[in-house]
$ cat model.csv   # CSV, C-alpha atoms and all ligand atoms
chain,number,residue,atom,x,y,z
A,889,MET,CA,-74.1,23.6,249.9
A,890,VAL,CA,-72.0,25.7,247.6
A,891,VAL,CA,-70.4,27.7,250.4
A,892,SER,CA,-68.5,24.6,251.4
A,893,SER,CA,-67.7,23.3,248.0
A,894,THR,CA,-64.6,24.2,245.9
A,895,SER,CA,-64.3,27.7,244.6
A,896,ALA,CA,-64.5,26.6,241.0
A,897,GLN,CA,-67.7,24.7,241.6
A,898,GLY,CA,-69.0,27.6,243.5
A,899,VAL,CA,-68.4,30.1,240.7
A,900,SER,CA,-70.1,27.9,238.1
A,901,TRP,CA,-73.1,27.5,240.5
A,902,LEU,CA,-73.2,31.3,241.0
A,903,LEU,CA,-73.2,32.0,237.3
A,904,ALA,CA,-76.0,29.5,236.8
A,905,SER,CA,-78.1,30.5,239.8
A,906,GLY,CA,-77.5,34.3,240.2
A,907,PRO,CA,-76.6,36.6,243.0
A,908,ILE,CA,-79.9,36.5,244.9
A,909,ALA,CA,-79.6,32.7,245.2
A,910,ALA,CA,-76.1,33.2,246.5
A,911,GLU,CA,-77.3,35.7,249.1
A,912,ASN,CA,-80.1,33.4,250.1
A,913,GLN,CA,-77.6,30.6,250.6
A,914,VAL,CA,-75.6,32.7,253.0
A,915,LEU,CA,-78.8,33.7,254.8
A,916,ARG,CA,-79.7,30.0,255.1
A,917,TRP,CA,-76.2,29.3,256.5
A,918,ILE,CA,-76.8,31.9,259.2
A,919,ALA,CA,-80.3,30.7,259.9
A,920,ASP,CA,-78.9,27.2,260.4
A,921,LEU,CA,-76.3,28.5,262.8
A,922,ALA,CA,-79.2,30.0,264.8
A,923,ALA,CA,-81.3,26.8,264.4
A,924,MET,CA,-84.1,28.8,262.8
A,925,PRO,CA,-86.8,26.9,260.9
A,926,GLU,CA,-86.5,25.8,257.3
A,927,ASP,CA,-88.7,28.5,256.0
A,928,ALA,CA,-86.9,31.3,257.7
A,929,GLY,CA,-85.6,34.0,255.3
A,930,GLY,CA,-84.8,37.6,254.9
A,931,CYS,CA,-82.3,39.9,253.1
A,932,PHE,CA,-79.2,41.9,253.5
A,933,VAL,CA,-79.3,45.6,254.5
A,934,SER,CA,-76.6,48.2,255.0
A,935,GLY,CA,-76.0,47.6,258.8
A,936,GLY,CA,-77.4,46.6,262.1
A,937,SER,CA,-79.2,49.9,262.5
A,938,ALA,CA,-81.1,49.4,259.2
A,939,ALA,CA,-81.8,45.8,260.1
A,940,ASN,CA,-83.2,46.7,263.6
A,941,LEU,CA,-85.4,49.3,262.0
A,942,SER,CA,-86.8,46.9,259.4
A,943,ALA,CA,-87.3,44.1,262.0
A,944,LEU,CA,-89.2,46.3,264.4
A,945,VAL,CA,-91.4,47.8,261.7
A,946,THR,CA,-92.3,44.2,260.9
A,947,ALA,CA,-93.0,43.6,264.6
A,948,ARG,CA,-95.2,46.6,264.8
A,949,GLU,CA,-97.2,45.9,261.6
A,950,THR,CA,-97.7,42.2,262.7
A,951,ALA,CA,-99.1,43.4,266.0
A,952,ARG,CA,-101.4,45.8,264.3
A,953,VAL,CA,-102.8,42.9,262.1
A,954,GLN,CA,-102.9,40.2,264.8
A,955,ARG,CA,-104.1,42.3,267.7
A,956,GLY,CA,-106.3,44.7,265.6
A,957,ARG,CA,-104.4,47.7,267.0
A,958,GLY,CA,-105.0,51.0,265.4
A,959,ALA,CA,-102.2,53.1,264.0
A,960,HIS,CA,-102.8,55.7,266.7
A,961,GLN,CA,-102.9,53.4,269.7
A,962,ARG,CA,-100.0,53.6,272.1
A,963,THR,CA,-97.5,50.8,271.4
A,964,ARG,CA,-94.5,49.8,273.4
A,965,ILE,CA,-91.5,47.5,273.0
A,966,ALA,CA,-89.5,46.1,275.9
A,967,LEU,CA,-85.8,46.5,276.1
A,968,SER,CA,-82.9,47.0,278.5
A,969,ASP,CA,-80.6,50.0,278.9
A,970,GLN,CA,-77.9,47.9,277.3
A,971,ALA,CA,-79.6,47.8,273.9
A,972,HIS,CA,-77.7,49.5,271.1
A,973,SER,CA,-78.5,53.2,270.4
A,974,SER,CA,-80.0,52.2,267.1
A,975,ILE,CA,-82.9,50.6,268.9
A,976,ALA,CA,-83.9,53.8,270.7
A,977,ASN,CA,-83.5,55.6,267.4
A,978,THR,CA,-85.8,53.0,265.7
A,979,LEU,CA,-88.5,53.4,268.3
A,980,ARG,CA,-88.4,57.2,267.9
A,981,ILE,CA,-88.7,56.9,264.1
A,982,ILE,CA,-91.5,54.4,264.2
A,983,GLY,CA,-93.5,56.1,267.0
A,984,VAL,CA,-93.2,53.2,269.5
A,985,GLU,CA,-92.4,53.9,273.2
A,986,PRO,CA,-89.7,51.9,275.1
A,987,LEU,CA,-90.6,49.8,278.2
A,988,LEU,CA,-87.3,49.8,280.1
A,989,VAL,CA,-86.7,46.5,281.8
A,990,PRO,CA,-84.1,46.5,284.6
A,991,THR,CA,-81.2,44.2,284.0
A,992,SER,CA,-79.8,41.5,286.3
A,993,GLY,CA,-76.0,41.6,286.3
A,994,ASP,CA,-76.2,43.9,283.2
A,995,ARG,CA,-78.2,41.2,281.4
A,996,LEU,CA,-81.9,41.2,280.4
A,997,THR,CA,-83.5,38.1,281.8
A,998,GLY,CA,-86.8,36.4,281.4
A,999,GLN,CA,-87.5,36.8,285.1
A,1000,ARG,CA,-87.0,40.5,285.0
A,1001,LEU,CA,-89.1,40.8,281.8
A,1002,ARG,CA,-92.0,38.8,283.4
A,1003,ALA,CA,-91.8,40.9,286.6
A,1004,THR,CA,-91.9,44.2,284.6
A,1005,LEU,CA,-94.8,43.1,282.4
A,1006,THR,CA,-96.8,41.7,285.3
A,1007,ALA,CA,-96.4,44.9,287.3
A,1008,ASP,CA,-97.4,47.1,284.4
A,1009,PRO,CA,-101.2,47.8,284.3
A,1010,ASP,CA,-100.9,48.6,280.5
A,1011,SER,CA,-98.8,45.7,279.5
A,1012,ASP,CA,-101.4,44.9,276.7
A,1013,ASP,CA,-99.7,47.7,274.6
A,1014,VAL,CA,-96.3,45.9,274.7
A,1015,ILE,CA,-95.9,44.1,271.4
A,1016,ALA,CA,-92.3,43.0,271.3
A,1017,VAL,CA,-89.1,42.5,273.2
A,1018,VAL,CA,-85.5,43.2,272.1
A,1019,ALA,CA,-82.9,40.8,273.4
A,1020,ILE,CA,-79.2,41.3,272.7
A,1021,ALA,CA,-76.9,38.5,271.7
A,1022,GLY,CA,-73.7,40.4,272.5
A,1023,THR,CA,-74.0,43.9,273.9
A,1024,THR,CA,-71.9,46.5,272.1
A,1025,ASN,CA,-70.1,47.7,275.2
A,1026,ALA,CA,-69.4,44.6,277.1
A,1027,GLY,CA,-70.3,41.6,274.9
A,1028,ILE,CA,-73.1,40.4,277.2
A,1029,ILE,CA,-75.5,37.8,275.9
A,1030,ASP,CA,-79.0,38.3,277.3
A,1031,ASP,CA,-81.0,35.3,278.8
A,1032,LEU,CA,-82.3,34.4,275.4
A,1033,ASP,CA,-84.0,31.2,276.4
A,1034,GLY,CA,-85.8,32.8,279.4
A,1035,ILE,CA,-86.8,35.9,277.4
A,1036,ALA,CA,-88.2,33.6,274.6
A,1037,GLY,CA,-90.4,31.8,277.1
A,1038,VAL,CA,-91.8,35.0,278.5
A,1039,ALA,CA,-92.3,36.4,274.9
A,1040,GLN,CA,-94.3,33.3,274.1
A,1041,GLU,CA,-96.3,33.6,277.3
A,1042,PHE,CA,-97.2,37.3,276.7
A,1043,GLY,CA,-97.6,37.0,272.9
A,1044,LEU,CA,-94.6,39.3,272.2
A,1045,TRP,CA,-92.5,39.4,269.0
A,1046,LEU,CA,-88.9,38.4,269.9
A,1047,HIS,CA,-86.3,40.4,268.2
A,1048,VAL,CA,-82.7,39.4,268.7
A,1049,ASP,CA,-80.0,41.9,268.0
A,1050,GLY,CA,-76.8,39.9,267.3
A,1051,ALA,CA,-75.3,42.6,265.1
A,1052,TYR,CA,-71.9,42.2,266.9
A,1053,GLY,CA,-72.2,39.0,268.9
A,1054,GLY,CA,-74.3,36.8,266.7
A,1055,ALA,CA,-71.2,35.6,264.8
A,1056,GLY,CA,-70.2,33.8,268.1
A,1057,LEU,CA,-72.8,31.2,267.1
A,1058,LEU,CA,-70.1,29.6,265.0
A,1059,ALA,CA,-67.8,29.1,268.0
A,1060,PRO,CA,-68.2,25.7,269.9
A,1061,SER,CA,-66.7,27.3,273.0
A,1062,VAL,CA,-69.6,29.7,273.5
A,1063,ARG,CA,-72.5,28.2,271.4
A,1064,ASP,CA,-74.5,27.2,274.4
A,1065,ARG,CA,-74.8,30.8,275.7
A,1066,TYR,CA,-77.1,31.5,272.7
A,1067,ARG,CA,-79.7,28.9,273.7
A,1068,GLY,CA,-83.1,30.2,272.9
A,1069,ILE,CA,-82.0,32.2,269.8
A,1070,GLU,CA,-83.8,29.7,267.7
A,1071,HIS,CA,-87.1,31.2,269.0
A,1072,ALA,CA,-86.3,34.6,267.5
A,1073,ASP,CA,-89.0,36.1,265.3
A,1074,SER,CA,-86.3,38.3,263.8
A,1075,LEU,CA,-82.6,38.2,264.1
A,1076,VAL,CA,-79.8,40.5,263.0
A,1077,ILE,CA,-76.2,39.6,262.5
A,1078,ASP,CA,-73.7,42.0,260.9
A,1079,PRO,CA,-71.2,40.1,258.7
A,1080,HIS,CA,-69.3,43.5,258.4
A,1081,LYS,CA,-68.5,43.2,262.1
A,1082,TRP,CA,-67.3,39.7,263.3
A,1083,LEU,CA,-67.8,37.8,260.0
A,1084,PHE,CA,-65.1,39.8,258.3
A,1085,ALA,CA,-67.2,41.1,255.4
A,1086,PRO,CA,-66.6,44.5,253.8
A,1087,LEU,CA,-68.6,47.3,255.4
A,1088,ASP,CA,-72.2,47.6,254.4
A,1089,CYS,CA,-73.5,44.1,255.1
A,1090,ALA,CA,-76.0,43.1,257.7
A,1091,ALA,CA,-78.1,39.9,257.6
A,1092,LEU,CA,-81.7,40.2,258.6
A,1093,LEU,CA,-83.7,37.0,259.1
A,1094,TYR,CA,-87.3,36.4,260.0
A,1095,ARG,CA,-88.9,33.2,261.3
A,1096,ASP,CA,-91.9,33.9,259.1
A,1097,PRO,CA,-90.8,36.0,256.1
A,1098,ALA,CA,-94.4,36.4,255.0
A,1099,LYS,CA,-94.9,38.8,257.9
A,1100,ALA,CA,-92.0,41.0,256.7
A,1101,LYS,CA,-93.3,40.9,253.2
A,1102,ALA,CA,-96.7,42.1,254.4
A,1103,ALA,CA,-95.0,44.9,256.3
A,1104,HIS,CA,-92.5,46.0,253.7
A,1105,ALA,CA,-93.3,45.0,250.1
A,1106,GLN,CA,-94.0,48.1,248.0
A,1107,HIS,CA,-96.8,48.1,245.4
A,1108,ALA,CA,-97.2,50.4,242.4
A,1109,SER,CA,-98.2,50.0,238.8
A,1110,TYR,CA,-94.6,50.4,237.7
A,1111,LEU,CA,-93.4,47.8,240.2
A,1112,ASP,CA,-96.2,45.2,240.1
A,1113,VAL,CA,-95.9,44.9,236.4
A,1114,LEU,CA,-92.4,43.5,236.8
A,1115,GLU,CA,-93.7,40.8,239.2
A,1116,THR,CA,-96.3,39.2,236.9
A,1117,ASP,CA,-93.9,36.8,235.3
A,1118,SER,CA,-92.2,35.7,238.5
A,1119,GLN,CA,-94.9,35.7,241.2
A,1120,THR,CA,-93.0,33.1,243.2
A,1121,ALA,CA,-89.5,34.7,242.9
A,1122,TRP,CA,-87.9,35.8,246.1
A,1123,ASN,CA,-87.4,39.6,246.0
A,1124,PRO,CA,-85.1,40.8,248.7
A,1125,ALA,CA,-86.6,44.3,248.4
A,1126,ASP,CA,-89.7,42.9,250.0
A,1127,TYR,CA,-88.1,42.2,253.4
A,1128,ALA,CA,-86.8,45.5,254.6
A,1129,HIS,CA,-87.5,49.2,254.2
A,1130,HIS,CA,-85.5,49.5,251.0
A,1131,LEU,CA,-86.2,49.1,247.3
A,1132,SER,CA,-83.1,49.7,245.2
A,1133,ARG,CA,-80.3,47.6,246.8
A,1134,ARG,CA,-77.0,46.1,245.9
A,1135,THR,CA,-76.2,42.4,246.5
A,1136,ARG,CA,-74.6,43.0,249.9
A,1137,GLY,CA,-74.4,39.3,250.7
A,1138,LEU,CA,-72.3,38.4,247.7
A,1139,PRO,CA,-68.8,39.4,249.0
A,1140,LEU,CA,-69.5,37.2,252.1
A,1141,TRP,CA,-70.7,34.3,249.8
A,1142,PHE,CA,-67.4,34.6,247.9
A,1143,SER,CA,-65.3,34.7,251.0
A,1144,LEU,CA,-67.1,31.6,252.4
A,1145,ALA,CA,-66.7,29.8,249.1
A,1146,ILE,CA,-63.0,30.6,249.0
A,1147,HIS,CA,-62.0,30.1,252.6
A,1148,GLY,CA,-64.6,27.6,253.8
A,1149,THR,CA,-66.5,27.8,257.1
A,1150,GLN,CA,-63.8,26.3,259.2
A,1151,ALA,CA,-61.6,29.4,258.6
A,1152,TYR,CA,-64.4,31.4,260.1
A,1153,ILE,CA,-64.8,29.2,263.1
A,1154,ASP,CA,-61.0,29.4,263.7
A,1155,ALA,CA,-60.9,33.1,263.4
A,1156,ILE,CA,-63.8,33.6,265.8
A,1157,GLU,CA,-62.4,31.2,268.4
A,1158,HIS,CA,-59.1,33.0,268.1
A,1159,ALA,CA,-60.7,36.3,269.1
A,1160,LEU,CA,-62.5,34.6,272.0
A,1161,THR,CA,-59.3,33.0,273.3
A,1162,LEU,CA,-57.4,36.3,273.0
A,1163,ALA,CA,-60.2,38.0,275.1
A,1164,ARG,CA,-59.8,35.3,277.8
A,1165,GLN,CA,-56.0,35.6,277.7
A,1166,THR,CA,-56.2,39.4,277.9
A,1167,ALA,CA,-58.5,39.2,280.9
A,1168,GLU,CA,-55.9,37.0,282.6
A,1169,LEU,CA,-53.1,39.4,281.7
A,1170,ILE,CA,-55.1,42.3,283.1
A,1171,ARG,CA,-55.7,40.4,286.3
A,1172,CYS,CA,-51.9,39.9,286.7
A,1173,THR,CA,-51.1,43.6,286.0
A,1174,SER,CA,-51.0,45.6,289.2
A,1175,GLN,CA,-52.0,49.0,287.8
A,1176,LEU,CA,-55.0,47.5,286.0
A,1177,GLU,CA,-58.4,46.1,287.1
A,1178,LEU,CA,-60.6,43.8,285.1
A,1179,ILE,CA,-64.2,45.1,285.2
A,1180,ARG,CA,-66.0,41.9,284.3
A,1181,GLU,CA,-65.1,38.5,282.9
A,1182,PRO,CA,-65.5,38.7,279.1
A,1183,GLU,CA,-68.3,36.6,277.6
A,1184,LEU,CA,-67.3,37.4,274.0
A,1185,THR,CA,-64.5,39.6,272.8
A,1186,ALA,CA,-65.1,42.9,274.5
A,1187,VAL,CA,-62.8,43.3,277.6
A,1188,LEU,CA,-63.4,46.2,279.9
A,1189,PHE,CA,-60.7,47.4,282.3
A,1190,ARG,CA,-59.8,50.2,284.6
A,1191,ARG,CA,-56.3,51.8,285.0
A,1192,ARG,CA,-56.1,52.6,288.7
A,1193,GLY,CA,-55.8,56.3,289.4
A,1194,TRP,CA,-56.7,57.5,285.9
A,1195,SER,CA,-59.2,60.3,285.2
A,1196,ALA,CA,-61.4,60.3,282.1
A,1197,ARG,CA,-59.0,62.7,280.5
A,1198,ASP,CA,-56.1,60.3,281.1
A,1199,TYR,CA,-57.9,57.5,279.2
A,1200,HIS,CA,-58.5,59.8,276.2
A,1201,THR,CA,-54.9,61.1,276.2
A,1202,TRP,CA,-53.6,57.5,276.4
A,1203,SER,CA,-55.9,56.3,273.6
A,1204,GLN,CA,-54.9,59.1,271.3
A,1205,ARG,CA,-51.2,58.6,272.0
A,1206,LEU,CA,-51.6,54.9,271.3
A,1207,LEU,CA,-53.2,55.6,268.0
A,1208,ALA,CA,-50.7,58.3,267.0
A,1209,SER,CA,-47.9,55.9,267.8
A,1210,GLN,CA,-49.6,53.2,265.6
A,1211,ILE,CA,-49.4,50.6,268.4
A,1212,GLY,CA,-53.2,50.2,268.5
A,1213,TYR,CA,-56.5,51.8,268.8
A,1214,VAL,CA,-58.2,51.2,272.1
A,1215,ALA,CA,-61.1,53.7,272.5
A,1216,PRO,CA,-62.3,54.5,276.0
A,1217,THR,CA,-65.9,53.8,276.9
A,1218,GLY,CA,-68.4,54.6,279.7
A,1219,TRP,CA,-69.3,51.9,282.2
A,1220,GLN,CA,-71.8,52.6,284.9
A,1221,GLY,CA,-70.9,56.3,284.8
A,1222,GLU,CA,-67.2,55.8,284.8
A,1223,THR,CA,-64.7,56.2,281.9
A,1224,VAL,CA,-62.8,52.9,281.4
A,1225,ALA,CA,-60.7,51.2,278.6
A,1226,ARG,CA,-62.2,48.6,276.3
A,1227,PHE,CA,-60.6,46.1,274.0
A,1228,ALA,CA,-62.8,44.8,271.3
A,1229,PHE,CA,-61.1,41.9,269.5
A,1230,LEU,CA,-62.3,40.9,266.1
A,1231,HIS,CA,-59.3,40.7,263.8
A,1232,PRO,CA,-57.9,37.1,263.7
A,1233,HIS,CA,-54.3,38.3,263.3
A,1234,THR,CA,-54.3,40.3,266.6
A,1235,THR,CA,-51.9,38.5,269.0
A,1236,LEU,CA,-51.3,38.4,272.7
A,1237,ASP,CA,-48.0,40.2,272.0
A,1238,ASP,CA,-49.9,43.1,270.5
A,1239,VAL,CA,-52.0,43.2,273.7
A,1240,ARG,CA,-48.9,43.1,275.9
A,1241,ASP,CA,-47.4,46.0,273.9
A,1242,ILE,CA,-50.6,48.0,274.6
A,1243,ILE,CA,-50.7,47.1,278.3
A,1244,ALA,CA,-47.1,48.1,278.7
A,1245,THR,CA,-48.1,51.7,277.8
A,1246,THR,CA,-50.6,52.0,280.7
A,1301,LIG,C1,-75.6,45.2,269.1
A,1301,LIG,C2,-75.5,46.2,268.0
A,1301,LIG,N1,-76.6,46.5,267.3
A,1301,LIG,C3,-76.6,47.4,266.3
A,1301,LIG,C4,-75.5,48.0,265.9
A,1301,LIG,C5,-75.5,49.0,264.7
A,1301,LIG,O1,-74.9,48.4,263.7
A,1301,LIG,P1,-74.4,49.3,262.4
A,1301,LIG,O2,-73.3,50.2,262.8
A,1301,LIG,O3,-74.0,48.3,261.4
A,1301,LIG,O4,-75.6,50.1,262.0
A,1301,LIG,C6,-74.3,47.7,266.6
A,1301,LIG,C7,-73.0,48.4,266.2
A,1301,LIG,O5,-72.0,48.3,266.9
A,1301,LIG,C8,-74.3,46.8,267.6
A,1301,LIG,O6,-73.2,46.5,268.3
$ encode --input "model.csv" --output "structure tokens"
Amino acid sequence: MVVSSTSAQGVSWLLASGPIAAENQVLRWIADLAAMPEDAGGCFVSGGSAANLSALVTARETARVQRGRGAHQRTRIALSDQAHSSIANTLRIIGVEPLLVPTSGDRLTGQRLRATLTADPDSDDVIAVVAIAGTTNAGIIDDLDGIAGVAQEFGLWLHVDGAYGGAGLLAPSVRDRYRGIEHADSLVIDPHKWLFAPLDCAALLYRDPAKAKAAHAQHASYLDVLETDSQTAWNPADYAHHLSRRTRGLPLWFSLAIHGTQAYIDAIEHALTLARQTAELIRCTSQLELIREPELTAVLFRRRGWSARDYHTWSQRLLASQIGYVAPTGWQGETVARFAFLHPHTTLDDVRDIIATT
């Protein structure tokens, strides 16, 4: 594939094949990382929020067709309280209610999902489940395999939000934590997060792109006339809630062609190693307390004796002094500190400098 060939070969291929082919090549690369089927496909959108919206619109429309559900029938989607805020926003926009599934150790599991569905007398109106491959706050990967099994059992659409954590699929040290991701009906990974692409780049993939096309393709006399000569051409506008779009996947294609995929693997493993080393450093620092072992690259910690105000003052002081930016976050009702490592040039010495200020 061109993304692993020399840059000169890649550019000639790009000139001959065009930017949509290049975007599709990157989407295929991501689909392969997730072990999605050969005919999986999708498009790039502006961000994880837009991708979650388009994916769940597809889930809702598919359920309407497959289950013969009317537009005004109550419809619900299962999720945990760890889902990103864009999921709640999406449900509000598309008129779908949440079915909140309690987590186990802050993780959504197949067991908890099954128990919630079984106990719910109206579970017939649940059409999909959202699993997270790397929660925003703590980098927790849901029990994807278990959830996939229950989704199949109850006929639910499985949406996997890997906007932040999906890039970890590249890293051999954590790849097995994603087992089950290959069953996703839709998958989101944001290259503008942990795949180092410029902002405005989210990859949205569907197991069966025809379902997304049925939900999203726009038809009008002034559009359909353009399709007549190229009925079989792949039009990325058909797979999300957009029409005009720029080729958001192209910067990533270029970067992959220039740097090669190994550079990405190395950069991702670097951040994972740094998160583990940081956890160890926190454990050895008497005034600090590690909140949970990092699964990916988010590291939550507590400074003993600090109030919420102390965390905010410290964070602002760190930023003003240009040592680093470590924003506080909330964890189970408490304000705590959170490292979120992505940049491959962040070092353990940088972390030591920050910890020395606590
Ligand atoms: C898991 C998850 N989903 C969705 C989003 C939203 O992504 P975006 O800001 O690109 O819309 C984020 C952002 O942090 C995220 O972490």
$ closest_residue --input "model.csv" --among "A:Asp1012, A:Glu1041, A:Glu949, A:Asp994" --to "Gln970 of chain A" --atoms "all atoms listed in the file"
A:Asp994
$ closest_atom_pairs --input "model.csv" --of "chain A" --to "ligand LIG 1301 (chain A)" --cutoff "7 Å" --atoms "only C-alpha atoms and all ligand atoms" --output "CSV"
residue,atom,partner,partner_atom,distance
A:Ser934,CA,A:LIG1301,O3,6.9
A:Gly935,CA,A:LIG1301,O3,3.4
A:Gly936,CA,A:LIG1301,O1,3.5
A:Ser937,CA,A:LIG1301,O4,3.6
A:Ala938,CA,A:LIG1301,O4,6.2
A:Ala971,CA,A:LIG1301,C1,6.8
A:His972,CA,A:LIG1301,N1,5.0
A:Ser974,CA,A:LIG1301,C3,5.9
A:Ile1020,CA,A:LIG1301,C1,6.4
A:Gly1022,CA,A:LIG1301,C1,6.2
A:Thr1023,CA,A:LIG1301,C1,5.2
A:Thr1024,CA,A:LIG1301,O6,4.0
A:Asp1049,CA,A:LIG1301,C1,5.6
A:Gly1050,CA,A:LIG1301,C1,5.7
A:Ala1051,CA,A:LIG1301,C2,4.6
A:Tyr1052,CA,A:LIG1301,O6,4.7
A:Asp1078,CA,A:LIG1301,O3,6.3
A:Ala1090,CA,A:LIG1301,O3,6.7
$ atom_distance --input "model.csv" --atom1 "atom CA of Asp1064 of chain A" --atom2 "atom CA of Ile1029 of chain A"
10.8 Å
$ residues_around --input "model.csv" --residues "Trp917 of chain A" --least-positions-apart "5" --cutoff "12 Å" --atoms "all atoms listed in the file" --output "VMD selection string"
chain A and resid 889 to 892 910 to 912 922 to 926 928 to 929 1055 1057 to 1058 1077 1091 1093 1137 1140 to 1141 1144 1149
$ atom_distance --input "model.csv" --atom1 "atom CA of Ser1195 of chain A" --atom2 "atom CA of Arg1240 of chain A"
22.1 Å
$ atom_distance --input "model.csv" --atom1 "atom CA of Ala1215 of chain A" --atom2 "atom CA of Phe1227 of chain A"
7.8 Å
$ residues_near_point --input "model.csv" --point "(-99.8, 43.0, 268.3)" --cutoff "12 Å" --atoms "all atoms listed in the file" --output "MDAnalysis selection string"
chainID A and resid 944:959 961:965 1011:1017 1039 1042:1046
$ closest_residue --input "model.csv" --among "A:Leu979, A:Tyr1094, A:Leu1160, A:Pro986" --to "Ala1059 of chain A" --atoms "only C-alpha atoms"
A:Leu1160
